[in-house]
Structure formats: C-alpha cells, structure tokens
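S.K.: What follows is query23.cif, made up of mmCIF, N, CA and C atoms:
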```
data_protein
#
loop_
_atom_site.label_atom_id
_atom_site.label_comp_id
_atom_site.auth_asym_id
_atom_site.auth_seq_id
_atom_site.Cartn_x
_atom_site.Cartn_y
_atom_site.Cartn_z
N MET A 1 214.73 102.74 123.60
CA MET A 1 214.16 103.33 122.39
C MET A 1 212.71 103.77 122.64
N ARG A 2 211.95 102.93 123.35
CA ARG A 2 210.55 103.26 123.63
C ARG A 2 210.45 104.55 124.45
N ARG A 3 211.34 104.69 125.44
CA ARG A 3 211.32 105.91 126.28
C ARG A 3 211.60 107.15 125.45
N LEU A 4 212.55 107.04 124.54
CA LEU A 4 212.88 108.17 123.67
C LEU A 4 211.67 108.54 122.81
N ALA A 5 211.00 107.54 122.24
CA ALA A 5 209.83 107.79 121.41
C ALA A 5 208.71 108.47 122.22
N ILE A 6 208.50 108.01 123.43
CA ILE A 6 207.46 108.61 124.28
C ILE A 6 207.83 110.05 124.62
N TRP A 7 209.09 110.29 124.91
CA TRP A 7 209.55 111.65 125.20
C TRP A 7 209.35 112.56 123.99
N LEU A 8 209.74 112.09 122.81
CA LEU A 8 209.56 112.87 121.59
C LEU A 8 208.08 113.13 121.30
N ALA A 9 207.25 112.13 121.56
CA ALA A 9 205.81 112.28 121.34
C ALA A 9 205.25 113.37 122.25
N ARG A 10 205.71 113.40 123.48
CA ARG A 10 205.25 114.46 124.41
C ARG A 10 205.69 115.83 123.91
N LEU A 11 206.94 115.91 123.40
CA LEU A 11 207.42 117.18 122.86
C LEU A 11 206.59 117.63 121.67
N ALA A 12 206.12 116.67 120.86
CA ALA A 12 205.36 117.01 119.66
C ALA A 12 204.04 117.68 119.97
N ARG A 13 203.62 117.65 121.22
CA ARG A 13 202.39 118.35 121.60
C ARG A 13 202.60 119.85 121.74
N ARG A 14 203.87 120.26 121.71
CA ARG A 14 204.19 121.69 121.76
C ARG A 14 204.12 122.26 120.35
N ARG A 15 203.65 123.45 120.21
CA ARG A 15 203.42 124.08 118.91
C ARG A 15 204.67 124.06 118.02
N GLY A 16 205.81 124.46 118.55
CA GLY A 16 207.03 124.52 117.74
C GLY A 16 207.48 123.16 117.25
N VAL A 17 207.43 122.17 118.11
CA VAL A 17 207.85 120.83 117.74
C VAL A 17 206.84 120.22 116.77
N HIS A 18 205.58 120.48 117.00
CA HIS A 18 204.53 120.01 116.08
C HIS A 18 204.80 120.54 114.68
N TRP A 19 205.18 121.78 114.57
CA TRP A 19 205.49 122.39 113.27
C TRP A 19 206.66 121.67 112.61
N ILE A 20 207.69 121.32 113.40
CA ILE A 20 208.84 120.59 112.85
C ILE A 20 208.40 119.23 112.31
N VAL A 21 207.55 118.55 113.05
CA VAL A 21 207.03 117.25 112.60
C VAL A 21 206.30 117.43 111.27
N LEU A 22 205.47 118.45 111.18
CA LEU A 22 204.71 118.70 109.93
C LEU A 22 205.65 118.95 108.76
N ARG A 23 206.74 119.66 108.99
CA ARG A 23 207.70 119.93 107.91
C ARG A 23 208.42 118.66 107.45
N ALA A 24 208.59 117.70 108.36
CA ALA A 24 209.32 116.47 108.04
C ALA A 24 208.43 115.41 107.39
N ILE A 25 207.12 115.54 107.51
CA ILE A 25 206.21 114.49 107.04
C ILE A 25 206.37 114.14 105.56
N PRO A 26 206.36 115.09 104.63
CA PRO A 26 206.44 114.68 103.22
C PRO A 26 207.66 113.82 102.91
N ARG A 27 208.80 114.20 103.38
CA ARG A 27 210.01 113.42 103.09
C ARG A 27 209.99 112.07 103.80
N ALA A 28 209.55 112.06 105.06
CA ALA A 28 209.51 110.82 105.83
C ALA A 28 208.55 109.81 105.21
N ILE A 29 207.43 110.28 104.71
CA ILE A 29 206.45 109.37 104.10
C ILE A 29 207.04 108.73 102.85
N VAL A 30 207.66 109.52 102.01
CA VAL A 30 208.25 108.99 100.78
C VAL A 30 209.35 107.97 101.12
N MET A 31 210.14 108.27 102.14
CA MET A 31 211.23 107.36 102.53
C MET A 31 210.69 106.04 103.08
N ARG A 32 209.55 106.07 103.75
CA ARG A 32 208.99 104.86 104.36
C ARG A 32 208.02 104.11 103.44
N PHE A 33 207.74 104.67 102.29
CA PHE A 33 206.79 104.03 101.37
C PHE A 33 207.31 102.67 100.93
N GLU A 34 206.44 101.70 101.02
CA GLU A 34 206.76 100.35 100.58
C GLU A 34 205.78 100.00 99.47
N ALA A 35 206.27 100.01 98.26
CA ALA A 35 205.42 99.82 97.09
C ALA A 35 204.66 98.50 97.15
N PRO A 36 203.36 98.56 96.93
CA PRO A 36 202.58 97.33 96.90
C PRO A 36 202.89 96.53 95.64
N THR A 37 202.60 95.27 95.66
CA THR A 37 202.87 94.41 94.51
C THR A 37 201.76 94.47 93.47
N ASP A 38 200.65 95.10 93.80
CA ASP A 38 199.49 95.06 92.90
C ASP A 38 199.27 96.32 92.06
N GLN A 39 200.29 97.15 91.89
CA GLN A 39 200.17 98.36 91.07
C GLN A 39 199.01 99.26 91.51
N LEU A 40 198.91 99.50 92.79
CA LEU A 40 197.87 100.34 93.37
C LEU A 40 197.95 101.76 92.81
N GLU A 41 196.83 102.31 92.46
CA GLU A 41 196.72 103.72 92.07
C GLU A 41 195.64 104.31 92.98
N ALA A 42 196.06 105.21 93.87
CA ALA A 42 195.11 105.76 94.84
C ALA A 42 195.59 107.11 95.34
N THR A 43 194.64 107.88 95.80
CA THR A 43 194.93 109.14 96.47
C THR A 43 194.45 109.00 97.90
N LEU A 44 195.35 109.26 98.81
CA LEU A 44 195.05 109.18 100.24
C LEU A 44 195.24 110.55 100.86
N GLU A 45 194.60 110.77 101.98
CA GLU A 45 194.82 112.02 102.71
C GLU A 45 195.24 111.68 104.13
N LEU A 46 196.29 112.34 104.58
CA LEU A 46 196.75 112.21 105.94
C LEU A 46 196.46 113.53 106.64
N ALA A 47 195.68 113.47 107.70
CA ALA A 47 195.36 114.67 108.47
C ALA A 47 196.03 114.54 109.84
N ILE A 48 196.80 115.55 110.20
CA ILE A 48 197.52 115.55 111.47
C ILE A 48 196.85 116.57 112.39
N ARG A 49 196.28 116.07 113.48
CA ARG A 49 195.60 116.94 114.44
C ARG A 49 196.58 117.94 115.06
N ASP A 50 196.09 119.15 115.27
CA ASP A 50 196.89 120.19 115.91
C ASP A 50 196.75 120.04 117.42
N PRO A 51 197.85 120.07 118.17
CA PRO A 51 197.76 119.88 119.62
C PRO A 51 197.03 121.01 120.33
N GLN A 52 196.90 122.17 119.69
CA GLN A 52 196.21 123.30 120.28
C GLN A 52 194.75 123.39 119.84
N GLY A 53 194.29 122.41 119.07
CA GLY A 53 192.89 122.36 118.66
C GLY A 53 192.57 123.10 117.36
N ARG A 54 193.58 123.61 116.67
CA ARG A 54 193.33 124.26 115.38
C ARG A 54 192.99 123.20 114.35
N SER A 55 192.66 123.64 113.16
CA SER A 55 192.35 122.71 112.07
C SER A 55 193.56 121.82 111.80
N PRO A 56 193.31 120.55 111.48
CA PRO A 56 194.44 119.65 111.21
C PRO A 56 195.19 120.04 109.94
N ALA A 57 196.48 119.73 109.93
CA ALA A 57 197.29 119.89 108.72
C ALA A 57 196.99 118.69 107.84
N ARG A 58 196.83 118.92 106.55
CA ARG A 58 196.47 117.84 105.63
C ARG A 58 197.55 117.67 104.57
N PHE A 59 197.72 116.41 104.17
CA PHE A 59 198.68 116.06 103.14
C PHE A 59 198.02 115.11 102.16
N GLU A 60 198.27 115.35 100.88
CA GLU A 60 197.76 114.46 99.84
C GLU A 60 198.87 113.48 99.47
N LEU A 61 198.55 112.20 99.52
CA LEU A 61 199.50 111.16 99.14
C LEU A 61 198.98 110.53 97.85
N ALA A 62 199.74 110.66 96.79
CA ALA A 62 199.36 110.07 95.50
C ALA A 62 200.23 108.84 95.28
N ILE A 63 199.58 107.70 95.21
CA ILE A 63 200.29 106.44 95.01
C ILE A 63 199.98 105.94 93.61
N ALA A 64 201.04 105.70 92.87
CA ALA A 64 200.90 105.20 91.49
C ALA A 64 201.94 104.11 91.30
N GLY A 65 201.48 102.88 91.41
CA GLY A 65 202.38 101.75 91.22
C GLY A 65 203.48 101.71 92.26
N GLN A 66 204.70 101.94 91.83
CA GLN A 66 205.86 101.85 92.70
C GLN A 66 206.26 103.18 93.33
N SER A 67 205.49 104.24 93.12
CA SER A 67 205.90 105.54 93.64
C SER A 67 204.82 106.18 94.51
N CYS A 68 205.29 107.05 95.37
CA CYS A 68 204.41 107.80 96.26
C CYS A 68 204.90 109.24 96.27
N SER A 69 204.00 110.17 96.04
CA SER A 69 204.36 111.58 96.15
C SER A 69 203.46 112.21 97.20
N VAL A 70 203.99 113.21 97.88
CA VAL A 70 203.26 113.86 98.97
C VAL A 70 203.29 115.36 98.72
N ARG A 71 202.14 115.96 98.90
CA ARG A 71 202.09 117.42 98.82
C ARG A 71 201.24 117.94 99.96
N PRO A 72 201.62 119.07 100.54
CA PRO A 72 200.81 119.67 101.60
C PRO A 72 199.46 120.09 101.04
N GLY A 73 198.43 119.97 101.84
CA GLY A 73 197.09 120.39 101.45
C GLY A 73 196.14 119.22 101.37
N ALA A 74 194.87 119.55 101.38
CA ALA A 74 193.83 118.53 101.33
C ALA A 74 193.80 117.86 99.97
N ALA A 75 193.51 116.57 99.96
CA ALA A 75 193.35 115.83 98.71
C ALA A 75 191.99 116.17 98.12
N GLN A 76 191.92 116.28 96.80
CA GLN A 76 190.66 116.62 96.13
C GLN A 76 189.60 115.53 96.31
N GLN A 77 189.96 114.31 96.00
CA GLN A 77 189.02 113.19 96.14
C GLN A 77 189.77 111.98 96.68
N PRO A 78 190.08 112.00 97.98
CA PRO A 78 190.85 110.88 98.52
C PRO A 78 190.01 109.61 98.58
N GLY A 79 190.65 108.50 98.27
CA GLY A 79 189.98 107.22 98.40
C GLY A 79 189.84 106.83 99.85
N ALA A 80 190.78 107.29 100.68
CA ALA A 80 190.76 107.03 102.12
C ALA A 80 191.46 108.17 102.84
N ARG A 81 191.14 108.31 104.10
CA ARG A 81 191.72 109.37 104.91
C ARG A 81 192.14 108.77 106.25
N ALA A 82 193.32 109.15 106.72
CA ALA A 82 193.80 108.76 108.05
C ALA A 82 194.01 110.05 108.85
N THR A 83 193.57 110.03 110.11
CA THR A 83 193.72 111.19 110.97
C THR A 83 194.33 110.75 112.30
N LEU A 84 195.38 111.45 112.71
CA LEU A 84 196.00 111.19 114.00
C LEU A 84 196.79 112.41 114.43
N GLY A 85 197.24 112.42 115.67
CA GLY A 85 198.05 113.53 116.18
C GLY A 85 199.52 113.33 115.84
N SER A 86 200.28 114.42 115.87
CA SER A 86 201.71 114.31 115.58
C SER A 86 202.41 113.47 116.64
N ASP A 87 201.92 113.53 117.88
CA ASP A 87 202.51 112.69 118.93
C ASP A 87 202.31 111.21 118.63
N ASP A 88 201.11 110.84 118.20
CA ASP A 88 200.84 109.45 117.86
C ASP A 88 201.56 109.02 116.58
N LEU A 89 201.77 109.95 115.68
CA LEU A 89 202.54 109.64 114.47
C LEU A 89 203.98 109.25 114.85
N ILE A 90 204.56 109.95 115.81
CA ILE A 90 205.90 109.62 116.28
C ILE A 90 205.91 108.24 116.93
N LEU A 91 204.90 107.96 117.75
CA LEU A 91 204.82 106.65 118.40
C LEU A 91 204.68 105.54 117.36
N LEU A 92 203.88 105.79 116.35
CA LEU A 92 203.65 104.81 115.28
C LEU A 92 204.93 104.59 114.46
N ALA A 93 205.59 105.66 114.08
CA ALA A 93 206.79 105.57 113.25
C ALA A 93 207.96 104.95 113.99
N SER A 94 207.96 105.05 115.31
CA SER A 94 209.07 104.50 116.10
C SER A 94 208.82 103.07 116.56
N GLY A 95 207.58 102.61 116.43
CA GLY A 95 207.26 101.27 116.91
C GLY A 95 206.82 101.25 118.36
N ALA A 96 206.69 102.42 118.99
CA ALA A 96 206.25 102.47 120.38
C ALA A 96 204.74 102.23 120.50
N ALA A 97 204.03 102.32 119.39
CA ALA A 97 202.59 102.01 119.34
C ALA A 97 202.30 101.41 117.98
N SER A 98 201.28 100.58 117.91
CA SER A 98 200.88 99.98 116.64
C SER A 98 199.62 100.67 116.15
N TRP A 99 199.39 100.60 114.82
CA TRP A 99 198.20 101.27 114.30
C TRP A 99 196.92 100.59 114.80
N PRO A 100 196.85 99.26 114.99
CA PRO A 100 195.61 98.70 115.56
C PRO A 100 195.35 99.22 116.98
N GLU A 101 196.42 99.38 117.75
CA GLU A 101 196.28 99.90 119.11
C GLU A 101 195.73 101.33 119.08
N LEU A 102 196.31 102.17 118.22
CA LEU A 102 195.84 103.56 118.11
C LEU A 102 194.44 103.63 117.54
N LEU A 103 194.13 102.75 116.59
CA LEU A 103 192.80 102.71 115.99
C LEU A 103 191.75 102.33 117.03
N SER A 104 192.03 101.30 117.81
CA SER A 104 191.04 100.83 118.79
C SER A 104 190.84 101.83 119.92
N SER A 105 191.84 102.68 120.18
CA SER A 105 191.69 103.69 121.24
C SER A 105 191.07 104.99 120.73
N GLY A 106 190.82 105.07 119.40
CA GLY A 106 190.23 106.27 118.83
C GLY A 106 191.22 107.37 118.52
N ARG A 107 192.50 107.10 118.68
CA ARG A 107 193.53 108.11 118.41
C ARG A 107 193.98 108.11 116.96
N PHE A 108 193.62 107.07 116.22
CA PHE A 108 193.92 106.95 114.80
C PHE A 108 192.58 106.65 114.12
N GLU A 109 192.17 107.52 113.22
CA GLU A 109 190.88 107.34 112.56
C GLU A 109 191.09 107.08 111.08
N LEU A 110 190.31 106.16 110.55
CA LEU A 110 190.33 105.85 109.12
C LEU A 110 188.95 106.10 108.56
N ALA A 111 188.90 106.66 107.36
CA ALA A 111 187.61 106.93 106.71
C ALA A 111 187.77 106.70 105.21
N GLY A 112 186.65 106.59 104.53
CA GLY A 112 186.67 106.39 103.09
C GLY A 112 186.47 104.93 102.74
N ASP A 113 187.00 104.53 101.60
CA ASP A 113 186.91 103.15 101.14
C ASP A 113 187.53 102.25 102.21
N PRO A 114 186.75 101.37 102.83
CA PRO A 114 187.27 100.58 103.95
C PRO A 114 188.44 99.68 103.55
N PHE A 115 188.43 99.15 102.34
CA PHE A 115 189.51 98.27 101.91
C PHE A 115 190.81 99.06 101.72
N LEU A 116 190.70 100.23 101.14
CA LEU A 116 191.87 101.09 100.96
C LEU A 116 192.33 101.65 102.31
N ALA A 117 191.39 102.05 103.14
CA ALA A 117 191.73 102.60 104.45
C ALA A 117 192.52 101.60 105.29
N LEU A 118 192.12 100.34 105.25
CA LEU A 118 192.83 99.33 106.03
C LEU A 118 194.22 99.04 105.48
N ARG A 119 194.45 99.36 104.22
CA ARG A 119 195.79 99.18 103.63
C ARG A 119 196.71 100.35 103.93
N PHE A 120 196.13 101.46 104.36
CA PHE A 120 196.87 102.71 104.54
C PHE A 120 198.19 102.49 105.27
N ALA A 121 198.12 101.99 106.49
CA ALA A 121 199.34 101.83 107.29
C ALA A 121 200.30 100.80 106.71
N SER A 122 199.77 99.80 106.03
CA SER A 122 200.63 98.74 105.49
C SER A 122 201.46 99.22 104.29
N LEU A 123 201.16 100.39 103.76
CA LEU A 123 201.90 100.92 102.62
C LEU A 123 203.22 101.57 103.04
N PHE A 124 203.45 101.63 104.34
CA PHE A 124 204.65 102.30 104.85
C PHE A 124 205.38 101.38 105.82
N ARG A 125 206.70 101.36 105.70
CA ARG A 125 207.51 100.51 106.59
C ARG A 125 207.41 101.07 108.01
N LEU A 126 206.70 100.35 108.83
CA LEU A 126 206.59 100.72 110.23
C LEU A 126 207.28 99.66 111.06
N PRO A 127 208.04 100.06 112.05
CA PRO A 127 208.73 99.06 112.86
C PRO A 127 207.75 98.23 113.68
N VAL A 128 208.21 97.07 114.08
CA VAL A 128 207.43 96.23 114.98
C VAL A 128 207.36 96.93 116.32
N GLN A 129 206.21 96.84 116.98
CA GLN A 129 206.02 97.52 118.24
C GLN A 129 207.08 97.09 119.25
N LEU A 130 207.65 98.09 119.94
CA LEU A 130 208.71 97.84 120.93
C LEU A 130 208.14 97.23 122.19
#
```
If you convert what's in this file into structure tokens, what do you get?

M.R.:
Amino acid sequence: MRRLAIWLARLARRRGVHWIVLRAIPRAIVMRFEAPTDQLEATLELAIRDPQGRSPARFELAIAGQSCSVRPGAAQQPGARATLGSDDLILLASGAASWPELLSSGRFELAGDPFLALRFASLFRLPVQL
C-alpha cells in the first residue's frame, strides 16, 4: 500500500494528475470529515501548491457543528490555513506520511489561530501511518 501511495504521489506532480487531485478534493474532504464533539464553527482554508510553481489552488472549508462544506476558492476570513502539495496530500490521505512528519519537514504549513490550526488535520479521518 505504501508503494502505491508513493507512486501516486509522484504522479500527482504532473500537471494533469494534479488537476485530477484538485477536482477530487471537495468530495474527498467531505467524505473524510469527522465531526468534532464540541460543535465547532470555523472557516478553514486549504491551499494546494501547484507542482509547476503557479499560484496554489485554494478551498474554503466551512465547518458548522456536525457538517463540513467545501467550495473552491479562497476563504474570506479563515480561522486557519493549511498549505501542502497534492503529492503530500496523497501521502497524508493514504497513511504513507503523517501530518507531524510533513509539518516538521516544512512540506505542510499551518497558519492562523494556532489552536484551530493544530486541530485542522484531526478533523478528518486519516489512516495510521503505514
């Protein structure tokens, strides 16, 4: 499984595959959302770096209690922002890398309210690292 994730992550560095990943993000995020127990109401922004160096693709994540909605585009006033590449997003979603590992290597960046930013990854069902 880890080899497959690494292979897919390498493919995601290609423009066409990166575009496919971007198209899948809104649905995948909603499917992986794990509602917090504390009725969180927050707006988050997910920025996906472009492998060719263009401006990152941005998504607004609106969390209200037990629901999460995603729309393409920058969030107006995000409480926190996460930035990573589509290749690292695949590694994270597959369990081939953990968010602390990506964070410490500088490949996953968090900004904004530090308490909300640190909760960002925990709001989504991520597999245990392989």

S.K.: The PyMOL selection byres ((chain A and resi 96) around 8) on the file shown: which residues, as JSON, numbers by chain?

M.R.: {"A": [1, 2, 3, 5, 6, 90, 91, 92, 93, 94, 95, 97, 98, 99, 127, 128, 129, 130]}

S.K.: Using the chain letters and numbers from this document, which residues of chain A does DSSP assign to strand (DSSP E), as a ChimeraX atom specification?

M.R.: /A:41-49,57-64,67-72,80-85,108-112

S.K.: Taking the file above as input, evaluate the PyMOL selection byres (((chain A and resi 118 and name CA) around 12) and name CA) and report the hits as a list in words.

M.R.: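 Evaluating the PyMOL selection byres (((chain A and resi 118 and name CA) around 12) and name CA) on these coordinates yields Leu44, Gly79, Ala80, Arg81, Ala82, Trp99, Pro100, Leu103, Phe108, Glu109, Leu110, Ala111, Gly112, Asp113, Pro114, Phe115, Leu116, Ala117, Arg119, Phe120, Ala121, Ser122 and Leu123 of chain A.
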
S.K.: Put those residues in a file: N, CA and C atoms, as an mmCIF file, in the frame of the given file.

M.R.:
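Written out: part-v4.cif:
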```cif
data_model
loop_
_atom_site.group_PDB
_atom_site.id
_atom_site.type_symbol
_atom_site.label_atom_id
_atom_site.label_comp_id
_atom_site.auth_asym_id
_atom_site.auth_seq_id
_atom_site.Cartn_x
_atom_site.Cartn_y
_atom_site.Cartn_z
ATOM 1 N N LEU A 44 195.350 109.260 98.810
ATOM 2 C CA LEU A 44 195.050 109.180 100.240
ATOM 3 C C LEU A 44 195.240 110.550 100.860
ATOM 4 N N GLY A 79 190.650 108.500 98.270
ATOM 5 C CA GLY A 79 189.980 107.220 98.400
ATOM 6 C C GLY A 79 189.840 106.830 99.850
ATOM 7 N N ALA A 80 190.780 107.290 100.680
ATOM 8 C CA ALA A 80 190.760 107.030 102.120
ATOM 9 C C ALA A 80 191.460 108.170 102.840
ATOM 10 N N ARG A 81 191.140 108.310 104.100
ATOM 11 C CA ARG A 81 191.720 109.370 104.910
ATOM 12 C C ARG A 81 192.140 108.770 106.250
ATOM 13 N N ALA A 82 193.320 109.150 106.720
ATOM 14 C CA ALA A 82 193.800 108.760 108.050
ATOM 15 C C ALA A 82 194.010 110.050 108.850
ATOM 16 N N TRP A 99 199.390 100.600 114.820
ATOM 17 C CA TRP A 99 198.200 101.270 114.300
ATOM 18 C C TRP A 99 196.920 100.590 114.800
ATOM 19 N N PRO A 100 196.850 99.260 114.990
ATOM 20 C CA PRO A 100 195.610 98.700 115.560
ATOM 21 C C PRO A 100 195.350 99.220 116.980
ATOM 22 N N LEU A 103 194.130 102.750 116.590
ATOM 23 C CA LEU A 103 192.800 102.710 115.990
ATOM 24 C C LEU A 103 191.750 102.330 117.030
ATOM 25 N N PHE A 108 193.620 107.070 116.220
ATOM 26 C CA PHE A 108 193.920 106.950 114.800
ATOM 27 C C PHE A 108 192.580 106.650 114.120
ATOM 28 N N GLU A 109 192.170 107.520 113.220
ATOM 29 C CA GLU A 109 190.880 107.340 112.560
ATOM 30 C C GLU A 109 191.090 107.080 111.080
ATOM 31 N N LEU A 110 190.310 106.160 110.550
ATOM 32 C CA LEU A 110 190.330 105.850 109.120
ATOM 33 C C LEU A 110 188.950 106.100 108.560
ATOM 34 N N ALA A 111 188.900 106.660 107.360
ATOM 35 C CA ALA A 111 187.610 106.930 106.710
ATOM 36 C C ALA A 111 187.770 106.700 105.210
ATOM 37 N N GLY A 112 186.650 106.590 104.530
ATOM 38 C CA GLY A 112 186.670 106.390 103.090
ATOM 39 C C GLY A 112 186.470 104.930 102.740
ATOM 40 N N ASP A 113 187.000 104.530 101.600
ATOM 41 C CA ASP A 113 186.910 103.150 101.140
ATOM 42 C C ASP A 113 187.530 102.250 102.210
ATOM 43 N N PRO A 114 186.750 101.370 102.830
ATOM 44 C CA PRO A 114 187.270 100.580 103.950
ATOM 45 C C PRO A 114 188.440 99.680 103.550
ATOM 46 N N PHE A 115 188.430 99.150 102.340
ATOM 47 C CA PHE A 115 189.510 98.270 101.910
ATOM 48 C C PHE A 115 190.810 99.060 101.720
ATOM 49 N N LEU A 116 190.700 100.230 101.140
ATOM 50 C CA LEU A 116 191.870 101.090 100.960
ATOM 51 C C LEU A 116 192.330 101.650 102.310
ATOM 52 N N ALA A 117 191.390 102.050 103.140
ATOM 53 C CA ALA A 117 191.730 102.600 104.450
ATOM 54 C C ALA A 117 192.520 101.600 105.290
ATOM 55 N N ARG A 119 194.450 99.360 104.220
ATOM 56 C CA ARG A 119 195.790 99.180 103.630
ATOM 57 C C ARG A 119 196.710 100.350 103.930
ATOM 58 N N PHE A 120 196.130 101.460 104.360
ATOM 59 C CA PHE A 120 196.870 102.710 104.540
ATOM 60 C C PHE A 120 198.190 102.490 105.270
ATOM 61 N N ALA A 121 198.120 101.990 106.490
ATOM 62 C CA ALA A 121 199.340 101.830 107.290
ATOM 63 C C ALA A 121 200.300 100.800 106.710
ATOM 64 N N SER A 122 199.770 99.800 106.030
ATOM 65 C CA SER A 122 200.630 98.740 105.490
ATOM 66 C C SER A 122 201.460 99.220 104.290
ATOM 67 N N LEU A 123 201.160 100.390 103.760
ATOM 68 C CA LEU A 123 201.900 100.920 102.620
ATOM 69 C C LEU A 123 203.220 101.570 103.040
#
```

S.K.: Starting from the shown file, work through the PyMOL selection byres (((chain A and resi 21 and name CA) around 12) and name CA) and note down what comes out as a ChimeraX atom specification.

M.R.: /A:8-9,11-20,22-29,48-51,57,85-90,93

S.K.: Among chain A, which residues carry a DSSP assignment of alpha helix (DSSP H), reported as a VMD selection string?

M.R.: chain A and resid 2 to 11 15 to 32 86 to 94 99 to 104 114 to 119

S.K.: Report the distance between CA of Arg107 in chain A and CA of Leu40 in chain A in Å, rounded to one decimal place.

M.R.: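 Spanning CA of Arg107 in chain A to CA of Leu40 in chain A is a straight-line distance of 26.6 Å.
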
S.K.: I'd like the interatomic distance between atom C of Arg71 in chain A and atom C of Ser104 in chain A, to a tenth of an Å.

M.R.: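 Those two atoms sit 27.7 Å apart.
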
S.K.: CA of Ile63 in chain A and CA of Glu41 in chain A are how many Å apart?

M.R.: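 Result for CA of Ile63 in chain A versus CA of Glu41 in chain A: 5.4 Å, one decimal.
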
S.K.: Need to verify the contact set: Cys68 in chain A, 7 Å, only C-alpha atoms, exclusion of same-chain residues closer than 6 positions in sequence. Can you return it as a list of chain:residue names?

M.R.: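 Counting only C-alpha atoms, the residues come to A:Val30, A:Phe33, A:Leu61, A:Ala62.
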
S.K.: Env of Phe59 in chain A: 7 Å cut, atoms = all atoms listed in the file, seq-sep filter 4 positions within chain, self excluded. Answer as JSON, numbers by chain.

M.R.: {"A": [44, 45, 46, 47, 48, 70, 71, 72, 73, 74, 75]}

S.K.: Could you check which of A:Glu60, A:Gln66, A:Arg54, A:Glu101 is closest to Gln39 in chain A, using all atoms listed in the file?

M.R.: A:Gln66

S.K.: So, with only C-alpha atoms as the atoms that count, which of A:Gln76, A:Gln52, A:Ser69, A:Ser105 lies closest to Arg32 in chain A?

M.R.: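 Ranked by minimum distance to Arg32 in chain A, first place goes to A:Ser69.
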
S.K.: Can you work out which one of A:Arg58, A:Leu84, A:Arg10, A:Ser67 has the shortest atom-to-atom distance to Pro36 in chain A, counting only C-alpha atoms?

M.R.: A:Ser67
